[in-house]
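Structure record follows, encoded as structure tokens.
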Amino acid sequence: MRVASFNINGIKARLPRLLEWLEETRPSVACLQEIKTQDEGFPASEFEKIGYRAIWHGQKGFNGVAILADGADPVEVQRGLAGEPEDEHSRYIEADVFGVRVACIYLPNGNPQPGPKFDYKLRWMDRLRSRMREIAAEEVPAVVIGDYNVVPNDCDVWSAAAMAPDALMQPASRDAYRRLLHDGWTDALAMHNPQGGIWTFWDYQAGAWQRDHGFRIDHALLSPELADRLAGCGVDKEYRGREKASDHAPVWVALRE
DNA sequence: ATGACTCAATTCTTGAGA
């Protein structure tokens with residue numbers, strides 16, 4: 001089976017591109033971020049027409065996450081993270097599907113930093129870590145996949161110097177990400193590509209795509225029970241170059257049965 | 001260079017993204 005993640009930057013604007021990607025690459029599970037629609041605007045019937053069933057957590061205007069499964073119903077386990085009841089951002093949804101726990105995340109960007117948005121990012125990462133430790137304690141095969149908005153290492157960005165002031169690059173952001181790895185989670189792309197140089201995002205601005213000025217911020221973290229089953233992983237880079245593309249490219253992990 | 005581009009919103013301008 002393959003579990004994929006795609007920050008689509010607006011499901012309404014991206015629907016033709018998204019359906020095309022699903023039909024061409026046919027992931028078993030597809031986790032989406034930045035659907036940017038309220039729950040009632042989610043085009044579930046369009047996905048059912050091509051054999052995918054979904055759960056989603058929307059929000060007006062921005063954020064929003066969804067989990068799609070090929071020929072199966074994702075069984076929702078949780079939406080949102082504990083620890084901050086007043087937080088109304090739709091950034092987390094978790095389900096059991098095909099015998100795997102799948103959590104789809106859209107981690108706060110945190111810019112500008114320093115400031116309240118960066119503080120929120122770090123608090124959100126603490127809350128995520130708490131939930132991931134709970135999942136790890138269940139000792140189930142699990143993947144926490146999505147847009148982490150963290151560049152883990154300097155080899156994961158076209159220019160560490162140019163990006164240094166960004167919230168995605170801050171030591172506090174990177175430390176919080178490393179704590180997840182220290183808890184026993186495996187960064188699938190990093191394990192298979194330790195040399196770096198793999199990007200999942202290219203800004204719309206300043207010809208970033210044409211210049212290959214990208215970075216790696218979409219990650220798949222595997223629990224020990226699932227890391228043993230990792231057969232391969234990759235980035236569907238070509239989709240970033242199509243008409244009306246998202247600024248992210250899809251990432252995926254292939255798992256042995 | 002406080003830029004560049006794109007999306008959503010009862011759109012003609014602003015907030016958000018990264």
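In the structure tokens, each chain is lettered A, B, ... as it comes, each chain's residues begin at 1, and ligands are numbered from 1 in order of appearance.
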Spatial neighbours of B:DG15, 10 Å, only C-alpha atoms (C1' of nucleotides), chain gap at least 2 places, as a ChimeraX atom specification = /A:61-62 /B:8-9,13,17
ask   = Which neighbours of B:DC7 fall inside 8 Å, counting only C-alpha atoms (C1' of nucleotides), when residues of the same chain fewer than 6 positions from it are skipped, and could you give them as a PyMOL selection string?
value = chain A and resi 9-10+13
inquiry  = Give me the residues near stretch 179-192 of chain A as an NGL selection string, where near means some atom within 7 Å (using only C-alpha atoms (C1' of nucleotides)) and where sequence neighbours in that chain fewer than 2 positions away do not count.
reply    = :A and (129 or 175-177 or 194 or 219-224 or 227 or 233-234)
request  = Find the spatial neighbours of A:Leu81, counting only C-alpha atoms (C1' of nucleotides), within a cut-off of 9 Å - ignore same-chain residues fewer than 2 positions away - and output them as a ChimeraX atom specification.
outcome  = /A:78-79,83-85,87,91-93,124,127-128,130-131
request  = May I ask which of the residues A:Glu139, A:Glu34, A:Asp73, A:Asp39 is the closest one to chain B, counting only C-alpha atoms (C1' of nucleotides)?
outcome  =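 Once distances to chain B are computed over only C-alpha atoms (C1' of nucleotides), the minimum belongs to A:Glu34.
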Closest contacts (chain A/chain B, max 6 Å, only C-alpha atoms (C1' of nucleotides)) as a Markdown table:
```
| residue | atom | partner | partner_atom | distance |
| --- | --- | --- | --- | --- |
| A:Gly61 | CA | B:DA8 | C1' | 5.2 |
| A:Tyr204 | CA | B:DC5 | C1' | 4.8 |
| A:Gln205 | CA | B:DC5 | C1' | 4.8 |
| A:Ala206 | CA | B:DA4 | C1' | 4.9 |
```
query = Out of A:Ala164, A:Met132, A:Ala172, A:Ala142, which residue has the shortest atom-to-atom distance to A:Arg101 when counting only C-alpha atoms?
reply =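 With only C-alpha atoms as the atom set, the closest residue is A:Ala142.
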request  = To one decimal in Å, tell me the separation between atom CA of A:His89 and atom CA of A:Asp166.
outcome  =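 Calculated distance between atom CA of A:His89 and atom CA of A:Asp166 is 21.5 Å.
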ask   = Using only C-alpha atoms (C1' of nucleotides), which residues sit within 12 Å of A:Arg14 once same-chain residues fewer than 4 positions away are excluded, as a PyMOL selection string?
value = (chain A and resi 6-10+18-21+32-37+43+239-240+242-248) or (chain B and resi 6-7)
With N, CA and C atoms (P, O5', C5', C4', C3', O3' and C1' of nucleotides) retained, export the selected residues as a CSV table (one decimal), in the first residue's frame.
```csv
chain,number,residue,atom,x,y,z
A,6,PHE,N,-0.5,15.6,0.2
A,6,PHE,CA,-0.5,16.6,-0.8
A,6,PHE,C,-1.1,17.9,-0.1
A,7,ASN,N,-0.3,18.9,0.0
A,7,ASN,CA,-0.8,20.2,0.4
A,7,ASN,C,-1.3,20.9,-0.9
A,8,ILE,N,-2.6,20.9,-1.0
A,8,ILE,CA,-3.2,21.3,-2.4
A,8,ILE,C,-3.5,22.8,-2.5
A,9,ASN,N,-3.4,23.5,-1.4
A,9,ASN,CA,-3.6,25.0,-1.5
A,9,ASN,C,-4.9,25.4,-2.2
A,10,GLY,N,-6.0,24.9,-1.6
A,10,GLY,CA,-7.3,25.2,-2.1
A,10,GLY,C,-8.0,24.1,-2.9
A,18,LEU,N,-6.1,17.7,-8.7
A,18,LEU,CA,-6.1,16.7,-7.6
A,18,LEU,C,-6.7,15.4,-8.1
A,19,LEU,N,-7.8,15.4,-8.8
A,19,LEU,CA,-8.4,14.2,-9.4
A,19,LEU,C,-7.5,13.5,-10.4
A,20,GLU,N,-6.8,14.3,-11.2
A,20,GLU,CA,-5.8,13.8,-12.1
A,20,GLU,C,-4.7,13.1,-11.4
A,21,TRP,N,-4.2,13.7,-10.3
A,21,TRP,CA,-3.1,13.0,-9.6
A,21,TRP,C,-3.6,11.7,-8.9
A,32,LEU,N,-4.7,15.2,2.6
A,32,LEU,CA,-4.7,16.5,2.0
A,32,LEU,C,-4.6,17.6,3.1
A,33,GLN,N,-3.9,18.7,2.8
A,33,GLN,CA,-3.9,19.8,3.6
A,33,GLN,C,-4.2,21.1,2.8
A,34,GLU,N,-4.6,22.1,3.6
A,34,GLU,CA,-5.0,23.4,3.0
A,34,GLU,C,-6.2,23.2,2.0
A,35,ILE,N,-7.2,22.5,2.4
A,35,ILE,CA,-8.4,22.4,1.6
A,35,ILE,C,-9.1,23.7,1.5
A,36,LYS,N,-9.0,24.6,2.5
A,36,LYS,CA,-9.5,26.0,2.4
A,36,LYS,C,-11.0,26.0,2.1
A,37,THR,N,-11.7,25.1,2.7
A,37,THR,CA,-13.2,25.2,2.5
A,37,THR,C,-13.9,24.7,3.8
A,43,PRO,N,-15.9,18.5,-1.8
A,43,PRO,CA,-16.4,17.8,-2.9
A,43,PRO,C,-16.3,16.3,-2.8
A,239,TYR,N,4.3,17.1,-10.7
A,239,TYR,CA,3.0,17.8,-10.6
A,239,TYR,C,3.1,19.2,-10.2
A,240,ARG,N,4.3,19.6,-9.7
A,240,ARG,CA,4.5,21.0,-9.3
A,240,ARG,C,4.6,21.9,-10.6
A,242,ARG,N,2.9,21.5,-13.5
A,242,ARG,CA,1.7,21.5,-14.3
A,242,ARG,C,1.0,22.9,-14.2
A,243,GLU,N,0.0,23.1,-15.1
A,243,GLU,CA,-0.8,24.3,-15.1
A,243,GLU,C,-1.6,24.3,-13.8
A,244,LYS,N,-1.8,25.5,-13.2
A,244,LYS,CA,-2.6,25.7,-12.0
A,244,LYS,C,-2.2,24.7,-10.9
A,245,ALA,N,-0.8,24.5,-10.7
A,245,ALA,CA,-0.3,23.6,-9.7
A,245,ALA,C,-0.4,24.2,-8.3
A,246,SER,N,-0.4,23.4,-7.3
A,246,SER,CA,-0.2,23.8,-6.0
A,246,SER,C,1.3,24.2,-5.8
A,247,ASP,N,1.6,25.0,-4.8
A,247,ASP,CA,3.0,25.3,-4.5
A,247,ASP,C,3.8,24.1,-3.9
A,248,HIS,N,3.1,23.1,-3.4
A,248,HIS,CA,3.7,21.9,-2.9
A,248,HIS,C,3.6,20.7,-3.9
B,6,DT,P,0.8,32.9,-10.2
B,6,DT,O5',-0.2,32.5,-9.1
B,6,DT,C5',0.0,31.3,-8.3
B,6,DT,C4',-0.9,31.2,-7.2
B,6,DT,C3',-2.4,31.4,-7.6
B,6,DT,O3',-3.1,30.1,-7.5
B,6,DT,C1',-1.9,32.5,-5.6
B,7,DC,P,-4.6,30.0,-7.9
B,7,DC,O5',-5.3,30.1,-6.4
B,7,DC,C5',-5.0,29.2,-5.4
B,7,DC,C4',-5.7,29.5,-4.2
B,7,DC,C3',-7.2,29.8,-4.4
B,7,DC,O3',-8.0,28.9,-3.6
B,7,DC,C1',-6.2,31.5,-3.1
```
Selection: 9 Å around A:Ala44, only C-alpha atoms (C1' of nucleotides), excl. self and same-chain fewer than 6 positions, as a ChimeraX atom specification = /A:52-55
query = What gap, in Å, lies between atom CA of A:Ala162 and atom CA of A:Arg216?
reply = 14.8 Å
task = Can you list, as an MDAnalysis selection string, all residues belonging to stretch 10-242 of chain A that DSSP tags as strand (DSSP E)?
result = chainID A and resid 29:33 52:57 65:70 75:79 92:97 100:106 142:147 186:187 201:202 214:215 218:222 230:235
Compile the contact shell of A:Pro74 as a compact mmCIF listing (two decimals) with all heavy atoms, in the first residue's frame: residues with an atom at most 12 Å away, counting only C-alpha atoms (C1' of nucleotides), same-chain residues fewer than 3 positions apart removed.
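What ended up in around_6.txt:
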```
# COMPACT_ATOMS: atom_id res chain seq x y z
N SER A 28 -3.13 4.44 -2.04
CA SER A 28 -4.14 3.75 -1.22
C SER A 28 -4.81 4.74 -0.28
O SER A 28 -6.02 4.68 -0.05
CB SER A 28 -3.49 2.64 -0.40
OG SER A 28 -2.57 1.91 -1.16
N VAL A 29 -3.98 5.62 0.28
CA VAL A 29 -4.48 6.66 1.19
C VAL A 29 -3.88 7.99 0.74
O VAL A 29 -2.69 8.06 0.43
CB VAL A 29 -4.07 6.37 2.65
CG1 VAL A 29 -4.60 7.46 3.59
CG2 VAL A 29 -4.57 4.99 3.09
N ALA A 30 -4.71 9.03 0.69
CA ALA A 30 -4.23 10.37 0.32
C ALA A 30 -4.63 11.34 1.41
O ALA A 30 -5.82 11.51 1.70
CB ALA A 30 -4.81 10.81 -1.02
N CYS A 31 -3.62 11.97 2.03
CA CYS A 31 -3.87 12.98 3.05
C CYS A 31 -3.72 14.35 2.43
O CYS A 31 -2.72 14.63 1.77
CB CYS A 31 -2.87 12.80 4.20
SG CYS A 31 -3.08 11.23 5.07
N TYR A 52 -12.77 6.89 -4.28
CA TYR A 52 -12.19 7.29 -2.99
C TYR A 52 -13.28 7.73 -2.02
O TYR A 52 -14.19 8.47 -2.39
CB TYR A 52 -11.18 8.42 -3.17
CG TYR A 52 -9.83 7.96 -3.68
CD1 TYR A 52 -9.56 7.90 -5.04
CD2 TYR A 52 -8.83 7.58 -2.79
CE1 TYR A 52 -8.33 7.48 -5.52
CE2 TYR A 52 -7.58 7.16 -3.26
CZ TYR A 52 -7.35 7.12 -4.62
OH TYR A 52 -6.12 6.70 -5.09
N ARG A 53 -13.15 7.27 -0.77
CA ARG A 53 -14.05 7.74 0.28
C ARG A 53 -13.24 8.54 1.30
O ARG A 53 -12.06 8.27 1.48
CB ARG A 53 -14.78 6.55 0.91
CG ARG A 53 -15.60 5.80 -0.15
CD ARG A 53 -16.78 5.08 0.43
NE ARG A 53 -16.41 3.89 1.17
CZ ARG A 53 -16.22 2.68 0.63
NH1 ARG A 53 -16.32 2.52 -0.68
NH2 ARG A 53 -15.93 1.65 1.39
N ALA A 54 -13.86 9.49 1.94
CA ALA A 54 -13.09 10.49 2.67
C ALA A 54 -13.71 10.88 4.00
O ALA A 54 -14.91 10.74 4.22
CB ALA A 54 -12.94 11.75 1.81
N ILE A 55 -12.84 11.37 4.90
CA ILE A 55 -13.25 12.16 6.05
C ILE A 55 -12.50 13.48 5.97
O ILE A 55 -11.41 13.54 5.39
CB ILE A 55 -12.96 11.45 7.39
CG1 ILE A 55 -11.47 11.16 7.56
CG2 ILE A 55 -13.78 10.17 7.51
CD1 ILE A 55 -11.10 10.66 8.95
N TRP A 56 -13.07 14.54 6.52
CA TRP A 56 -12.42 15.84 6.39
C TRP A 56 -12.79 16.73 7.57
O TRP A 56 -13.79 16.51 8.25
CB TRP A 56 -12.80 16.51 5.07
CG TRP A 56 -14.26 16.73 4.88
CD1 TRP A 56 -14.97 17.86 5.18
CD2 TRP A 56 -15.21 15.79 4.33
NE1 TRP A 56 -16.29 17.68 4.85
CE2 TRP A 56 -16.47 16.42 4.34
CE3 TRP A 56 -15.12 14.49 3.84
CZ2 TRP A 56 -17.63 15.79 3.87
CZ3 TRP A 56 -16.27 13.86 3.38
CH2 TRP A 56 -17.51 14.52 3.40
N ALA A 66 -7.90 16.52 5.21
CA ALA A 66 -8.78 15.43 4.80
C ALA A 66 -7.95 14.16 4.62
O ALA A 66 -6.75 14.22 4.35
CB ALA A 66 -9.50 15.77 3.50
N ILE A 67 -8.63 13.01 4.79
CA ILE A 67 -8.01 11.70 4.53
C ILE A 67 -8.92 10.95 3.56
O ILE A 67 -10.10 10.76 3.83
CB ILE A 67 -7.82 10.88 5.82
CG1 ILE A 67 -6.89 11.62 6.79
CG2 ILE A 67 -7.25 9.50 5.49
CD1 ILE A 67 -6.73 10.92 8.14
N LEU A 68 -8.36 10.56 2.41
CA LEU A 68 -9.08 9.80 1.39
C LEU A 68 -8.52 8.38 1.34
O LEU A 68 -7.31 8.19 1.52
CB LEU A 68 -8.89 10.44 0.01
CG LEU A 68 -9.72 11.66 -0.37
CD1 LEU A 68 -9.50 12.82 0.59
CD2 LEU A 68 -9.39 12.10 -1.80
N ALA A 69 -9.39 7.40 1.07
CA ALA A 69 -8.93 6.02 0.96
C ALA A 69 -9.54 5.38 -0.28
O ALA A 69 -10.72 5.61 -0.60
CB ALA A 69 -9.30 5.22 2.20
N ASP A 70 -8.73 4.59 -0.97
CA ASP A 70 -9.13 3.94 -2.21
C ASP A 70 -9.99 2.72 -1.90
O ASP A 70 -9.49 1.69 -1.49
CB ASP A 70 -7.86 3.53 -2.98
CG ASP A 70 -8.19 2.98 -4.36
OD1 ASP A 70 -9.37 2.94 -4.74
OD2 ASP A 70 -7.23 2.59 -5.06
N GLY A 71 -11.31 2.87 -2.07
CA GLY A 71 -12.22 1.76 -1.88
C GLY A 71 -12.47 1.37 -0.44
O GLY A 71 -12.89 0.24 -0.17
N VAL A 77 -10.46 8.52 14.19
CA VAL A 77 -10.04 8.31 15.57
C VAL A 77 -10.08 9.62 16.35
O VAL A 77 -10.49 9.65 17.52
CB VAL A 77 -8.61 7.72 15.61
CG1 VAL A 77 -8.11 7.59 17.05
CG2 VAL A 77 -8.56 6.37 14.90
N GLN A 78 -9.67 10.71 15.72
CA GLN A 78 -9.60 11.99 16.42
C GLN A 78 -9.52 13.12 15.41
O GLN A 78 -8.93 12.95 14.34
CB GLN A 78 -8.36 12.01 17.33
CG GLN A 78 -8.18 13.28 18.13
CD GLN A 78 -7.05 13.17 19.16
OE1 GLN A 78 -6.92 12.16 19.83
NE2 GLN A 78 -6.26 14.22 19.29
N ILE A 93 -6.29 15.57 11.63
CA ILE A 93 -7.32 14.54 11.57
C ILE A 93 -6.62 13.18 11.50
O ILE A 93 -5.59 13.05 10.84
CB ILE A 93 -8.31 14.78 10.40
CG1 ILE A 93 -9.54 13.89 10.55
CG2 ILE A 93 -7.63 14.60 9.05
CD1 ILE A 93 -10.71 14.31 9.64
N GLU A 94 -7.19 12.21 12.21
CA GLU A 94 -6.51 10.92 12.40
C GLU A 94 -7.52 9.80 12.20
O GLU A 94 -8.66 9.91 12.65
CB GLU A 94 -5.94 10.89 13.82
CG GLU A 94 -5.24 9.61 14.22
CD GLU A 94 -4.83 9.67 15.70
OE1 GLU A 94 -4.41 10.74 16.19
OE2 GLU A 94 -4.96 8.63 16.37
N ALA A 95 -7.10 8.74 11.51
CA ALA A 95 -8.02 7.64 11.20
C ALA A 95 -7.28 6.32 11.15
O ALA A 95 -6.05 6.28 10.98
CB ALA A 95 -8.71 7.90 9.86
N ASP A 96 -8.03 5.24 11.28
CA ASP A 96 -7.54 3.90 10.99
C ASP A 96 -8.02 3.50 9.62
O ASP A 96 -9.22 3.63 9.31
CB ASP A 96 -8.07 2.89 12.03
CG ASP A 96 -7.35 2.99 13.36
OD1 ASP A 96 -6.12 3.20 13.35
OD2 ASP A 96 -8.00 2.85 14.40
N VAL A 97 -7.10 3.02 8.77
CA VAL A 97 -7.48 2.58 7.43
C VAL A 97 -6.45 1.57 6.93
O VAL A 97 -5.25 1.75 7.13
CB VAL A 97 -7.62 3.80 6.47
CG1 VAL A 97 -6.32 4.57 6.33
CG2 VAL A 97 -8.16 3.37 5.13
N PHE A 98 -6.96 0.49 6.35
CA PHE A 98 -6.09 -0.60 5.86
C PHE A 98 -5.13 -1.10 6.94
O PHE A 98 -3.98 -1.45 6.66
CB PHE A 98 -5.30 -0.14 4.63
CG PHE A 98 -6.17 0.29 3.47
CD1 PHE A 98 -5.99 1.55 2.90
CD2 PHE A 98 -7.16 -0.53 2.96
CE1 PHE A 98 -6.79 1.96 1.83
CE2 PHE A 98 -7.96 -0.13 1.90
CZ PHE A 98 -7.77 1.11 1.34
N GLY A 99 -5.60 -1.11 8.20
CA GLY A 99 -4.78 -1.64 9.28
C GLY A 99 -3.66 -0.73 9.75
O GLY A 99 -2.79 -1.15 10.50
N VAL A 100 -3.67 0.53 9.31
CA VAL A 100 -2.63 1.48 9.69
C VAL A 100 -3.29 2.72 10.31
O VAL A 100 -4.33 3.18 9.84
CB VAL A 100 -1.78 1.88 8.46
CG1 VAL A 100 -0.79 2.98 8.81
CG2 VAL A 100 -1.06 0.67 7.90
N ARG A 101 -2.68 3.23 11.36
CA ARG A 101 -3.12 4.51 11.91
C ARG A 101 -2.49 5.61 11.07
O ARG A 101 -1.26 5.66 10.92
CB ARG A 101 -2.66 4.63 13.37
CG ARG A 101 -3.00 5.95 14.05
CD ARG A 101 -4.50 6.10 14.29
NE ARG A 101 -5.01 4.97 15.05
CZ ARG A 101 -4.93 4.85 16.39
NH1 ARG A 101 -4.39 5.81 17.10
NH2 ARG A 101 -5.42 3.79 16.99
N VAL A 102 -3.34 6.48 10.54
CA VAL A 102 -2.87 7.56 9.67
C VAL A 102 -3.30 8.90 10.27
O VAL A 102 -4.50 9.15 10.44
CB VAL A 102 -3.44 7.42 8.24
CG1 VAL A 102 -3.00 8.60 7.38
CG2 VAL A 102 -3.00 6.11 7.61
N ALA A 103 -2.34 9.75 10.59
CA ALA A 103 -2.63 11.11 11.06
C ALA A 103 -2.19 12.09 9.99
O ALA A 103 -1.06 12.03 9.51
CB ALA A 103 -1.93 11.39 12.38
N CYS A 104 -3.12 12.97 9.61
CA CYS A 104 -2.86 13.98 8.57
C CYS A 104 -2.73 15.33 9.26
O CYS A 104 -3.67 15.76 9.95
CB CYS A 104 -4.02 13.97 7.58
SG CYS A 104 -4.01 15.33 6.39
```
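Atom CA of A:Asp156 is found 20.6 Å from atom CA of A:Pro112.
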request  = Enumerate, as a ChimeraX atom specification, the complete set of residues in stretch 10-217 of chain A that a backbone-based DSSP assignment places in helix (DSSP H, G or I).
outcome  = /A:11-25,39-41,44-49,116-138,154-156,160-163,167-169,171-182,188-192,205-207
